[in-house]
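For reference, coords-v7.csv (CSV, C-alpha atoms):
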chain,number,residue,atom,x,y,z
A,6,MET,CA,-9.5,1.4,27.1
A,7,VAL,CA,-11.1,1.4,23.6
A,8,LYS,CA,-8.5,3.8,22.3
A,9,PHE,CA,-5.7,1.6,23.7
A,10,LEU,CA,-7.1,-1.4,22.0
A,11,LEU,CA,-7.5,0.4,18.7
A,12,GLU,CA,-3.9,1.5,18.9
A,13,SER,CA,-2.7,-2.0,19.7
A,14,VAL,CA,-1.2,-3.8,16.7
A,15,ALA,CA,-2.6,-7.1,17.8
A,16,PHE,CA,-6.1,-5.8,18.1
A,17,GLN,CA,-6.1,-4.1,14.7
A,18,ASP,CA,-6.4,-7.5,13.0
A,19,LEU,CA,-9.5,-8.3,15.1
A,20,ILE,CA,-11.3,-5.0,15.0
A,21,ASP,CA,-13.4,-6.0,12.0
A,22,GLU,CA,-13.9,-9.6,13.0
A,23,LYS,CA,-17.6,-10.7,12.9
A,24,ASP,CA,-19.5,-12.8,15.3
A,25,ASN,CA,-22.1,-15.5,14.4
A,26,GLU,CA,-24.6,-12.8,13.4
A,27,GLY,CA,-22.1,-11.0,11.3
A,28,ASN,CA,-21.7,-8.1,13.7
A,29,THR,CA,-18.4,-6.3,14.1
A,30,ALA,CA,-17.3,-4.4,17.2
A,31,LEU,CA,-18.9,-1.3,15.6
A,32,HIS,CA,-22.2,-3.1,15.2
A,33,ILE,CA,-22.2,-4.3,18.8
A,34,ALA,CA,-21.3,-0.8,20.0
A,35,SER,CA,-24.3,0.5,18.0
A,36,TYR,CA,-26.6,-1.9,19.7
A,37,GLY,CA,-25.3,-0.8,23.1
A,38,GLY,CA,-26.0,2.8,22.3
A,39,ASP,CA,-22.8,4.2,24.0
A,40,PHE,CA,-22.1,7.5,22.2
A,41,LYS,CA,-18.5,7.8,23.4
A,42,ILE,CA,-17.5,4.3,22.3
A,43,LEU,CA,-19.3,4.7,19.0
A,44,GLN,CA,-17.6,8.0,18.4
A,45,ILE,CA,-14.2,6.5,19.0
A,46,LEU,CA,-14.8,3.5,16.8
A,47,ALA,CA,-16.5,5.4,14.0
A,48,ASN,CA,-13.6,7.9,13.8
A,49,ASP,CA,-10.9,5.2,13.6
A,50,SER,CA,-9.6,4.8,10.1
A,51,ASN,CA,-8.9,1.1,10.6
A,52,VAL,CA,-12.6,0.3,11.4
A,53,ASP,CA,-14.7,-0.8,8.4
A,54,ARG,CA,-17.7,1.6,8.9
A,55,GLY,CA,-19.5,0.2,5.8
A,56,ALA,CA,-19.5,-3.4,7.1
A,57,THR,CA,-22.9,-5.1,7.1
A,58,ASN,CA,-24.1,-8.0,9.3
A,59,LYS,CA,-26.2,-10.9,8.2
A,60,GLY,CA,-29.2,-8.7,8.4
A,61,GLY,CA,-27.7,-6.4,5.8
A,62,MET,CA,-27.4,-3.6,8.3
A,63,THR,CA,-24.5,-1.2,8.8
A,64,PHE,CA,-23.8,0.4,12.1
A,65,ALA,CA,-25.6,3.5,10.9
A,66,ASP,CA,-28.7,1.5,10.1
A,67,ILE,CA,-28.6,0.2,13.7
A,68,ILE,CA,-28.3,3.6,15.4
A,69,LEU,CA,-31.0,5.0,13.3
A,70,SER,CA,-33.4,2.2,14.0
A,71,THR,CA,-32.8,1.6,17.7
A,72,ASN,CA,-33.3,5.2,18.9
A,73,LEU,CA,-30.7,4.7,21.6
A,74,LEU,CA,-29.0,7.9,20.7
A,75,ASN,CA,-30.6,11.3,20.5
A,76,ASP,CA,-30.7,13.3,17.3
A,77,THR,CA,-27.8,15.5,18.2
A,78,GLU,CA,-25.5,12.5,18.9
A,79,ILE,CA,-26.5,10.9,15.6
A,80,LEU,CA,-25.9,14.0,13.6
A,81,GLU,CA,-22.5,14.5,15.2
A,82,ILE,CA,-21.4,11.0,14.2
A,83,MET,CA,-22.8,11.3,10.7
A,84,SER,CA,-21.2,14.8,10.3
A,85,GLU,CA,-17.8,13.4,11.3
A,86,LEU,CA,-18.1,10.6,8.8
A,87,GLU,CA,-19.1,13.0,6.0
A,88,ARG,CA,-16.1,15.2,6.7
A,89,GLU,CA,-13.7,12.3,6.7
A,90,ASP,CA,-14.6,10.1,3.7
A,91,GLY,CA,-18.2,10.8,2.7
A,92,LEU,CA,-19.4,7.5,4.1
A,93,LEU,CA,-23.1,7.7,4.8
A,94,GLY,CA,-23.3,11.3,3.5
A,95,LEU,CA,-27.0,11.0,3.6
A,96,GLY,CA,-27.1,10.8,7.3
A,97,ARG,CA,-28.9,14.1,7.8
A,98,LYS,CA,-31.3,13.2,5.0
A,99,LEU,CA,-32.1,9.8,6.6
A,100,ILE,CA,-32.8,11.4,9.9
A,101,ARG,CA,-34.9,14.1,8.3
A,102,GLU,CA,-36.8,11.5,6.3
A,103,THR,CA,-37.4,9.4,9.4
A,104,LYS,CA,-38.7,12.4,11.3
A,105,GLU,CA,-40.9,13.4,8.3
A,106,ALA,CA,-42.3,9.9,8.1
A,107,GLU,CA,-43.0,9.9,11.9
A,108,ASN,CA,-44.7,13.3,11.6
A,109,ALA,CA,-46.7,12.1,8.6
A,110,GLU,CA,-47.8,9.1,10.5
A,111,MET,CA,-48.8,11.2,13.5
A,112,GLY,CA,-50.7,13.6,11.2
A,113,LYS,CA,-52.5,10.7,9.6
A,114,GLN,CA,-53.5,9.4,13.0
A,115,GLU,CA,-54.7,12.8,14.1
A,116,GLU,CA,-56.7,13.1,10.8
A,117,GLN,CA,-58.3,9.7,11.4
A,118,GLN,CA,-59.2,10.7,15.0
A,119,ARG,CA,-60.8,13.9,13.7
A,120,GLU,CA,-62.7,12.0,11.1
A,121,HIS,CA,-63.8,9.5,13.7
A,122,LYS,CA,-64.9,12.3,16.1
A,123,LYS,CA,-66.7,14.1,13.2
A,124,SER,CA,-68.5,10.8,12.3
A,125,GLU,CA,-69.5,10.3,15.9
A,126,GLU,CA,-70.9,13.8,16.2
A,127,GLU,CA,-72.8,13.4,12.9
A,128,GLN,CA,-74.3,10.1,14.1
A,129,ARG,CA,-75.2,11.7,17.5
A,130,GLY,CA,-76.9,14.5,15.6
A,131,LYS,CA,-78.9,12.1,13.5
A,132,ASP,CA,-79.9,10.2,16.6
A,133,ILE,CA,-81.1,13.4,18.3
A,134,ALA,CA,-83.0,14.4,15.2
A,135,ASN,CA,-84.7,11.0,15.0
A,136,VAL,CA,-85.8,11.2,18.6
A,137,CYS,CA,-87.1,14.8,18.1
A,138,LEU,CA,-89.0,13.7,15.1
A,139,LEU,CA,-90.6,10.8,16.9
A,140,ILE,CA,-91.5,12.9,19.9
A,141,ALA,CA,-92.9,15.7,17.7
A,142,THR,CA,-95.0,13.2,15.8
A,143,ILE,CA,-96.4,11.8,19.0
A,144,ILE,CA,-97.2,15.3,20.3
A,145,ALA,CA,-98.8,16.4,17.1
A,146,SER,CA,-101.0,13.2,17.0
A,147,ALA,CA,-102.0,13.5,20.7
A,148,THR,CA,-102.8,17.2,20.6
A,149,PHE,CA,-104.8,16.8,17.4
A,150,ALA,CA,-106.8,14.0,19.0
A,151,ALA,CA,-107.3,16.1,22.1
A,152,ALA,CA,-108.7,18.9,20.0
A,153,ILE,CA,-111.3,16.6,18.5
A,154,GLN,CA,-112.2,14.7,21.7
A,155,ILE,CA,-112.2,17.7,24.0
A,156,PRO,CA,-112.5,17.4,27.8
A,157,GLY,CA,-116.1,17.3,29.0
A,158,GLY,CA,-117.5,16.4,25.6
A,159,TYR,CA,-120.1,18.3,23.5
A,160,ASP,CA,-123.7,19.4,24.3
A,161,GLY,CA,-126.7,18.7,22.1
A,162,LYS,CA,-125.8,21.5,19.7
A,163,GLY,CA,-122.2,20.3,19.1
A,164,ARG,CA,-120.6,22.9,21.3
A,165,ALA,CA,-118.1,22.2,24.1
A,166,ILE,CA,-119.8,21.8,27.4
A,167,LEU,CA,-116.9,23.4,29.3
A,168,ARG,CA,-116.3,26.2,26.8
A,169,ARG,CA,-117.1,28.9,29.3
A,170,LYS,CA,-114.5,27.7,31.8
A,171,THR,CA,-111.2,29.6,32.0
A,172,LYS,CA,-109.3,26.3,32.5
A,173,PHE,CA,-110.9,24.9,29.3
A,174,ILE,CA,-109.9,28.0,27.4
A,175,LEU,CA,-106.3,27.6,28.7
A,176,PHE,CA,-106.4,24.0,27.7
A,177,THR,CA,-107.4,25.0,24.2
A,178,VAL,CA,-104.7,27.6,23.9
A,179,TYR,CA,-102.0,25.2,25.2
A,180,ASP,CA,-103.2,22.4,23.0
A,181,ILE,CA,-103.1,24.6,19.9
A,182,LEU,CA,-99.6,25.8,20.7
A,183,ALA,CA,-98.3,22.3,21.3
A,184,PHE,CA,-99.8,21.1,18.0
A,185,PHE,CA,-98.4,23.9,15.9
A,186,LEU,CA,-95.0,23.8,17.5
A,187,SER,CA,-94.6,20.1,17.0
A,188,THR,CA,-95.9,20.3,13.5
A,189,PHE,CA,-93.5,23.1,12.7
A,190,SER,CA,-90.6,21.0,14.2
A,191,ILE,CA,-91.5,18.1,11.9
A,192,LEU,CA,-91.6,20.5,8.9
A,193,ILE,CA,-88.3,22.0,9.7
A,194,GLN,CA,-86.5,18.7,9.9
A,195,PHE,CA,-87.5,18.0,6.3
A,196,SER,CA,-87.2,21.5,4.8
A,197,LEU,CA,-84.1,23.2,6.4
A,198,PRO,CA,-81.5,20.7,5.3
A,199,ALA,CA,-82.8,20.9,1.7
A,200,LEU,CA,-82.5,24.7,1.9
A,201,GLY,CA,-78.8,24.5,2.8
A,202,PHE,CA,-79.0,25.0,6.6
A,203,THR,CA,-76.5,23.0,8.6
A,204,ARG,CA,-77.5,19.9,10.5
A,205,TYR,CA,-76.4,21.5,13.8
A,206,PHE,CA,-78.6,24.5,13.3
A,207,THR,CA,-81.6,22.3,12.4
A,208,MET,CA,-81.0,20.1,15.4
A,209,ILE,CA,-80.9,23.0,17.8
A,210,LEU,CA,-84.1,24.6,16.3
A,211,THR,CA,-86.1,21.3,16.2
A,212,THR,CA,-85.0,20.4,19.7
A,213,THR,CA,-86.1,23.7,21.1
A,214,LEU,CA,-89.5,23.6,19.3
A,215,THR,CA,-90.1,20.0,20.3
A,216,SER,CA,-89.2,20.8,23.9
A,217,ALA,CA,-91.6,23.8,23.9
A,218,SER,CA,-94.4,21.7,22.4
A,219,LEU,CA,-93.9,19.0,25.0
A,220,ALA,CA,-94.2,21.6,27.8
A,221,PHE,CA,-97.4,23.1,26.3
A,222,MET,CA,-98.9,19.6,25.9
A,223,MET,CA,-98.2,19.0,29.6
A,224,LEU,CA,-99.9,22.3,30.5
A,225,ALA,CA,-102.8,21.5,28.2
A,226,PHE,CA,-103.2,18.1,30.0
A,227,GLU,CA,-103.1,19.8,33.4
A,228,GLN,CA,-105.7,22.5,32.5
A,229,GLY,CA,-107.9,19.8,30.8
A,230,ILE,CA,-108.0,17.7,33.9
A,231,LYS,CA,-108.7,20.7,36.1
A,232,ALA,CA,-111.5,21.9,33.8
A,233,VAL,CA,-113.2,18.5,34.0
A,234,LEU,CA,-112.7,17.8,37.7
A,235,SER,CA,-113.1,21.3,39.2
A,236,PRO,CA,-116.5,22.1,40.6
A,237,LYS,CA,-118.7,24.5,38.7
A,238,LYS,CA,-118.8,27.7,40.8
A,239,ASN,CA,-119.8,30.3,38.3
A,240,ARG,CA,-119.9,31.1,34.6
A,241,PHE,CA,-116.2,31.7,34.2
A,242,SER,CA,-114.6,29.5,36.9

Kindly return the structure encoded in the file as C-alpha coordinates.
Amino acid sequence: MVKFLLESVAFQDLIDEKDNEGNTALHIASYGGDFKILQILANDSNVDRGATNKGGMTFADIILSTNLLNDTEILEIMSELEREDGLLGLGRKLIRETKEAENAEMGKQEEQQREHKKSEEEQRGKDIANVCLLIATIIASATFAAAIQIPGGYDGKGRAILRRKTKFILFTVYDILAFFLSTFSILIQFSLPALGFTRYFTMILTTTLTSASLAFMMLAFEQGIKAVLSPKKNRFS
(Lines of atoms letter the chains of each structure in order from A and count residues from 1; the text may use other names and numbers.)
(Lines give C-alpha, C1' and ligand atoms only; values in the text may rest on other atoms or scores of the structure.)
Protein backbone atom coordinates (compact mmCIF):
# COMPACT_ATOMS: atom_id res chain seq x y z
CA MET A 1 0.00 0.00 0.00
CA VAL A 2 2.80 2.42 0.90
CA LYS A 3 4.70 1.58 -2.29
CA PHE A 4 1.54 2.10 -4.34
CA LEU A 5 0.97 5.54 -2.84
CA LEU A 6 4.59 6.53 -3.40
CA GLU A 7 4.32 5.53 -7.05
CA SER A 8 1.08 7.46 -7.44
CA VAL A 9 1.57 10.81 -9.17
CA ALA A 10 -1.15 12.44 -7.07
CA PHE A 11 0.41 11.32 -3.83
CA GLN A 12 3.91 12.51 -4.74
CA ASP A 13 2.82 16.12 -4.21
CA LEU A 14 1.63 15.26 -0.71
CA ILE A 15 4.47 13.05 0.49
CA ASP A 16 6.32 15.92 2.16
CA GLU A 17 3.25 17.78 3.40
CA LYS A 18 3.51 18.69 7.08
CA ASP A 19 0.87 18.55 9.79
CA ASN A 20 0.32 21.12 12.54
CA GLU A 21 3.46 19.92 14.33
CA GLY A 22 5.57 20.11 11.19
CA ASN A 23 5.74 16.34 10.81
CA THR A 24 5.90 14.74 7.38
CA ALA A 25 4.81 11.19 6.61
CA LEU A 26 8.38 10.08 7.35
CA HIS A 27 8.29 11.74 10.77
CA ILE A 28 4.98 10.08 11.61
CA ALA A 29 6.28 6.70 10.47
CA SER A 30 9.32 7.21 12.70
CA TYR A 31 7.07 7.84 15.70
CA GLY A 32 5.19 4.65 14.83
CA GLY A 33 8.37 2.59 14.80
CA ASP A 34 7.34 0.37 11.86
CA PHE A 35 10.62 -0.72 10.28
CA LYS A 36 9.17 -1.85 6.95
CA ILE A 37 7.29 1.41 6.33
CA LEU A 38 10.29 3.46 7.42
CA GLN A 39 12.54 1.51 5.09
CA ILE A 40 10.23 2.10 2.13
CA LEU A 41 9.83 5.83 2.82
CA ALA A 42 13.50 6.43 3.59
CA ASN A 43 14.59 4.73 0.37
CA ASP A 44 12.24 6.73 -1.84
CA SER A 45 14.07 9.51 -3.67
CA ASN A 46 10.97 11.72 -3.64
CA VAL A 47 10.87 11.83 0.17
CA ASP A 48 12.67 14.70 1.88
CA ARG A 49 14.70 12.77 4.41
CA GLY A 50 16.27 15.90 5.83
CA ALA A 51 12.97 17.60 6.68
CA THR A 52 12.60 18.86 10.24
CA ASN A 53 9.46 19.35 12.29
CA LYS A 54 8.69 22.26 14.61
CA GLY A 55 10.87 20.62 17.23
CA GLY A 56 13.83 20.75 14.86
CA MET A 57 13.96 16.97 14.59
CA THR A 58 14.57 14.91 11.48
CA PHE A 59 13.18 11.41 11.17
CA ALA A 60 16.63 10.09 12.16
CA ASP A 61 16.53 12.10 15.39
CA ILE A 62 13.18 10.53 16.18
CA ILE A 63 14.19 6.92 15.61
CA LEU A 64 17.36 7.45 17.63
CA SER A 65 15.50 9.00 20.55
CA THR A 66 12.39 6.82 20.77
CA ASN A 67 14.15 3.41 20.89
CA LEU A 68 11.26 1.83 18.97
CA LEU A 69 13.69 0.17 16.56
CA ASN A 70 16.53 -2.11 17.52
CA ASP A 71 20.13 -1.24 16.71
CA THR A 72 20.27 -3.56 13.70
CA GLU A 73 17.24 -1.93 12.08
CA ILE A 74 18.58 1.57 12.74
CA LEU A 75 21.97 0.69 11.27
CA GLU A 76 20.33 -0.78 8.18
CA ILE A 77 18.33 2.38 7.54
CA MET A 78 21.35 4.61 8.14
CA SER A 79 23.59 2.47 5.93
CA GLU A 80 21.16 2.66 3.03
CA LEU A 81 20.98 6.43 3.36
CA GLU A 82 24.77 6.70 3.42
CA ARG A 83 25.11 4.62 0.28
CA GLU A 84 22.50 6.62 -1.59
CA ASP A 85 23.27 10.26 -0.92
CA GLY A 86 25.40 10.53 2.22
CA LEU A 87 22.48 11.91 4.25
CA LEU A 88 23.03 11.35 7.95
CA GLY A 89 26.40 9.76 7.26
CA LEU A 90 27.09 9.95 10.96
CA GLY A 91 24.38 7.43 11.76
CA ARG A 92 26.73 4.82 13.09
CA LYS A 93 28.63 7.45 15.01
CA LEU A 94 25.43 8.74 16.59
CA ILE A 95 24.43 5.26 17.69
CA ARG A 96 27.92 4.54 18.97
CA GLU A 97 28.01 7.82 20.86
CA THR A 98 24.57 7.12 22.31
CA LYS A 99 25.69 3.71 23.49
CA GLU A 100 28.91 5.13 24.87
CA ALA A 101 26.96 7.78 26.75
CA GLU A 102 24.63 5.13 28.17
CA ASN A 103 27.58 2.96 29.19
CA ALA A 104 29.33 5.94 30.75
CA GLU A 105 26.20 6.78 32.73
CA MET A 106 25.87 3.18 33.88
CA GLY A 107 29.53 3.15 34.85
CA LYS A 108 29.07 6.37 36.77
CA GLN A 109 26.09 4.95 38.63
CA GLU A 110 27.99 1.75 39.45
CA GLU A 111 30.93 3.80 40.71
CA GLN A 112 28.59 5.86 42.88
CA GLN A 113 27.06 2.67 44.26
CA ARG A 114 30.52 1.28 45.04
CA GLU A 115 31.51 4.51 46.76
CA HIS A 116 28.27 4.51 48.74
CA LYS A 117 28.79 0.89 49.78
CA LYS A 118 32.39 1.62 50.72
CA SER A 119 31.28 4.62 52.77
CA GLU A 120 28.67 2.51 54.56
CA GLU A 121 31.24 -0.19 55.33
CA GLU A 122 33.68 2.39 56.67
CA GLN A 123 30.98 3.92 58.86
CA ARG A 124 29.98 0.46 60.10
CA GLY A 125 33.62 -0.24 60.94
CA LYS A 126 33.87 3.03 62.85
CA ASP A 127 30.70 2.24 64.79
CA ILE A 128 32.00 -1.22 65.73
CA ALA A 129 35.35 0.27 66.76
CA ASN A 130 33.61 2.85 68.95
CA VAL A 131 31.49 0.17 70.62
CA CYS A 132 34.57 -1.99 71.24
CA LEU A 133 36.42 0.98 72.68
CA LEU A 134 33.54 1.75 75.04
CA ILE A 135 33.19 -1.86 76.18
CA ALA A 136 36.95 -2.30 76.61
CA THR A 137 37.12 0.89 78.69
CA ILE A 138 34.30 -0.29 80.95
CA ILE A 139 35.92 -3.72 81.38
CA ALA A 140 39.32 -2.20 82.17
CA SER A 141 37.75 0.10 84.77
CA ALA A 142 35.66 -2.67 86.35
CA THR A 143 38.49 -5.21 86.55
CA PHE A 144 40.89 -2.62 87.95
CA ALA A 145 38.36 -1.71 90.65
CA ALA A 146 37.79 -5.42 91.40
CA ALA A 147 41.53 -5.91 91.89
CA ILE A 148 41.60 -3.10 94.47
CA GLN A 149 38.37 -4.01 96.24
CA ILE A 150 38.80 -7.77 96.23
CA PRO A 151 36.05 -10.21 97.22
CA GLY A 152 36.08 -10.96 100.95
CA GLY A 153 38.18 -7.90 101.80
CA TYR A 154 41.50 -7.75 103.68
CA ASP A 155 42.65 -8.99 107.08
CA GLY A 156 44.41 -6.91 109.72
CA LYS A 157 47.73 -7.29 107.91
CA GLY A 158 46.38 -6.03 104.57
CA ARG A 159 46.24 -9.47 103.00
CA ALA A 160 43.27 -10.94 101.14
CA ILE A 161 41.14 -12.96 103.52
CA LEU A 162 40.21 -15.47 100.80
CA ARG A 163 43.71 -15.70 99.33
CA ARG A 164 44.01 -19.42 100.06
CA LYS A 165 40.80 -20.36 98.26
CA THR A 166 41.13 -21.88 94.80
CA LYS A 167 38.12 -19.91 93.58
CA PHE A 168 39.72 -16.66 94.75
CA ILE A 169 42.93 -17.55 92.91
CA LEU A 170 40.90 -18.23 89.76
CA PHE A 171 39.10 -14.92 90.27
CA THR A 172 42.46 -13.15 90.42
CA VAL A 173 43.77 -14.85 87.27
CA TYR A 174 40.60 -14.14 85.27
CA ASP A 175 40.46 -10.56 86.49
CA ILE A 176 44.08 -9.93 85.47
CA LEU A 177 43.49 -11.46 82.02
CA ALA A 178 40.35 -9.38 81.49
CA PHE A 179 42.15 -6.20 82.55
CA PHE A 180 45.19 -6.69 80.32
CA LEU A 181 43.20 -7.86 77.27
CA SER A 182 40.83 -4.88 77.47
CA THR A 183 43.73 -2.48 78.00
CA PHE A 184 45.56 -4.02 75.05
CA SER A 185 42.42 -3.64 72.92
CA ILE A 186 42.27 0.07 73.76
CA LEU A 187 45.97 0.49 72.97
CA ILE A 188 45.61 -1.27 69.61
CA GLN A 189 42.76 0.98 68.48
CA PHE A 190 44.99 4.02 68.85
CA SER A 191 48.32 2.57 67.72
CA LEU A 192 47.71 0.21 64.78
CA PRO A 193 46.08 2.75 62.40
CA ALA A 194 49.00 5.09 63.04
CA LEU A 195 51.39 2.27 62.12
CA GLY A 196 49.69 1.73 58.76
CA PHE A 197 47.49 -1.26 59.55
CA THR A 198 44.10 -1.35 57.86
CA ARG A 199 40.95 -0.44 59.73
CA TYR A 200 39.50 -3.88 58.98
CA PHE A 201 42.46 -5.70 60.57
CA THR A 202 42.33 -3.39 63.58
CA MET A 203 38.58 -3.94 63.95
CA ILE A 204 38.92 -7.74 63.84
CA LEU A 205 41.76 -7.75 66.39
CA THR A 206 40.12 -5.34 68.82
CA THR A 207 36.77 -7.14 68.57
CA THR A 208 38.47 -10.44 69.38
CA LEU A 209 40.40 -9.01 72.33
CA THR A 210 37.37 -7.18 73.72
CA SER A 211 35.21 -10.30 73.43
CA ALA A 212 37.87 -12.37 75.21
CA SER A 213 38.25 -9.79 77.99
CA LEU A 214 34.48 -9.73 78.46
CA ALA A 215 34.43 -13.52 78.78
CA PHE A 216 37.26 -13.47 81.36
CA MET A 217 35.51 -10.72 83.33
CA MET A 218 32.37 -12.87 83.51
CA LEU A 219 34.46 -15.83 84.71
CA ALA A 220 36.15 -13.62 87.30
CA PHE A 221 32.76 -12.45 88.54
CA GLU A 222 31.57 -16.04 88.81
CA GLN A 223 34.63 -17.21 90.74
CA GLY A 224 34.54 -14.15 92.99
CA ILE A 225 30.92 -14.85 93.95
CA LYS A 226 31.69 -18.51 94.58
CA ALA A 227 34.75 -17.64 96.67
CA VAL A 228 32.70 -15.36 98.91
CA LEU A 229 29.59 -17.53 99.23
CA SER A 230 31.04 -21.03 99.30
CA PRO A 231 31.45 -22.54 102.79
CA LYS A 232 34.97 -22.87 104.15
CA LYS A 233 35.76 -26.58 104.12
CA ASN A 234 39.51 -26.66 104.16
CA ARG A 235 42.55 -24.62 103.44
CA PHE A 236 42.36 -24.90 99.66
CA SER A 237 38.60 -25.21 99.06

**Best match for closeness to A:Lys172 among A:Gly158, A:Gly112, A:Gly229, A:Gly61, counting all atoms listed in the file** =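 Once distances to A:Lys172 are computed over all atoms listed in the file, the minimum belongs to A:Gly229.
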
**Request:** To one decimal in Å, tell me the separation between atom CA of A:Ile155 and atom CA of A:Thr213.
**Result:**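 Atom-to-atom, atom CA of A:Ile155 to atom CA of A:Thr213, that is 26.9 Å.
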
**Prompt:** atom CA of A:Phe189 to atom CA of A:Glu126: how many Å, to one decimal?
**Reply:**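 So the answer is 24.7 Å.
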
**Message:** Nearest residue to A:Ala183 out of A:Cys137, A:Ala150, A:Ala145, A:Met208, using all atoms listed in the file?
**Reply:**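 Nearest to A:Ala183: A:Ala145.
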
**Distance query stretch 26-34 of chain A at most 12 Å, all atoms listed in the file, self and fewer than 3 positions along chain excluded, as a PyMOL selection string** = chain A and resi 7+10-11+16-17+19-23+37-49+51-68+71+73-74

Deliver the residues from the most recent selection as a file, using C-alpha atoms, as a JSON list (two decimals), keeping the file's coordinate frame.
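Final output, saved to out.json:
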[["chain", "number", "residue", "atom", "x", "y", "z"],
["A", 7, "VAL", "CA", -11.10, 1.40, 23.60],
["A", 10, "LEU", "CA", -7.10, -1.40, 22.00],
["A", 11, "LEU", "CA", -7.50, 0.40, 18.70],
["A", 16, "PHE", "CA", -6.10, -5.80, 18.10],
["A", 17, "GLN", "CA", -6.10, -4.10, 14.70],
["A", 19, "LEU", "CA", -9.50, -8.30, 15.10],
["A", 20, "ILE", "CA", -11.30, -5.00, 15.00],
["A", 21, "ASP", "CA", -13.40, -6.00, 12.00],
["A", 22, "GLU", "CA", -13.90, -9.60, 13.00],
["A", 23, "LYS", "CA", -17.60, -10.70, 12.90],
["A", 37, "GLY", "CA", -25.30, -0.80, 23.10],
["A", 38, "GLY", "CA", -26.00, 2.80, 22.30],
["A", 39, "ASP", "CA", -22.80, 4.20, 24.00],
["A", 40, "PHE", "CA", -22.10, 7.50, 22.20],
["A", 41, "LYS", "CA", -18.50, 7.80, 23.40],
["A", 42, "ILE", "CA", -17.50, 4.30, 22.30],
["A", 43, "LEU", "CA", -19.30, 4.70, 19.00],
["A", 44, "GLN", "CA", -17.60, 8.00, 18.40],
["A", 45, "ILE", "CA", -14.20, 6.50, 19.00],
["A", 46, "LEU", "CA", -14.80, 3.50, 16.80],
["A", 47, "ALA", "CA", -16.50, 5.40, 14.00],
["A", 48, "ASN", "CA", -13.60, 7.90, 13.80],
["A", 49, "ASP", "CA", -10.90, 5.20, 13.60],
["A", 51, "ASN", "CA", -8.90, 1.10, 10.60],
["A", 52, "VAL", "CA", -12.60, 0.30, 11.40],
["A", 53, "ASP", "CA", -14.70, -0.80, 8.40],
["A", 54, "ARG", "CA", -17.70, 1.60, 8.90],
["A", 55, "GLY", "CA", -19.50, 0.20, 5.80],
["A", 56, "ALA", "CA", -19.50, -3.40, 7.10],
["A", 57, "THR", "CA", -22.90, -5.10, 7.10],
["A", 58, "ASN", "CA", -24.10, -8.00, 9.30],
["A", 59, "LYS", "CA", -26.20, -10.90, 8.20],
["A", 60, "GLY", "CA", -29.20, -8.70, 8.40],
["A", 61, "GLY", "CA", -27.70, -6.40, 5.80],
["A", 62, "MET", "CA", -27.40, -3.60, 8.30],
["A", 63, "THR", "CA", -24.50, -1.20, 8.80],
["A", 64, "PHE", "CA", -23.80, 0.40, 12.10],
["A", 65, "ALA", "CA", -25.60, 3.50, 10.90],
["A", 66, "ASP", "CA", -28.70, 1.50, 10.10],
["A", 67, "ILE", "CA", -28.60, 0.20, 13.70],
["A", 68, "ILE", "CA", -28.30, 3.60, 15.40],
["A", 71, "THR", "CA", -32.80, 1.60, 17.70],
["A", 73, "LEU", "CA", -30.70, 4.70, 21.60],
["A", 74, "LEU", "CA", -29.00, 7.90, 20.70]]

**Request:** Identify which of the residues A:Ser35, A:Asn108, A:Glu102, A:Phe184 lies closest to A:Asn72, counting all atoms listed in the file when measuring atom-to-atom distances.
**Result:** A:Ser35

**Prompt:** Between A:Ile193, A:Ser235, A:Tyr36, A:Thr148, which is the closest to A:Phe206 once you count only C-alpha atoms?
**Reply:**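 Ranked by minimum distance to A:Phe206, first place goes to A:Ile193.
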
**Asked** Rounded to one decimal in Å, what is the spacing between atom CA of A:Lys113 and atom CA of A:Glu125?
**Response**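 So the two atoms, atom CA of A:Lys113 and atom CA of A:Glu125, lie 18.1 Å apart.
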
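For the residues A:Ile174, A:Ile144, A:Ala199, A:Ile153, ranking by smallest atom-to-atom distance to A:Met223 using only C-alpha atoms places A:Ile144 first.
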
**Selection: 12 Å around A:Val136, only C-alpha atoms, excl. self and same-chain fewer than 2 positions, as a PyMOL selection string** = chain A and resi 129-134+138-143+190-191+194+208+211-212+215-216

**Message:** Which residue is closest to A:Thr203? Choose from A:Asp160, A:His121, A:Glu127, A:Glu78 and count only C-alpha atoms.
**Reply:** A:Glu127
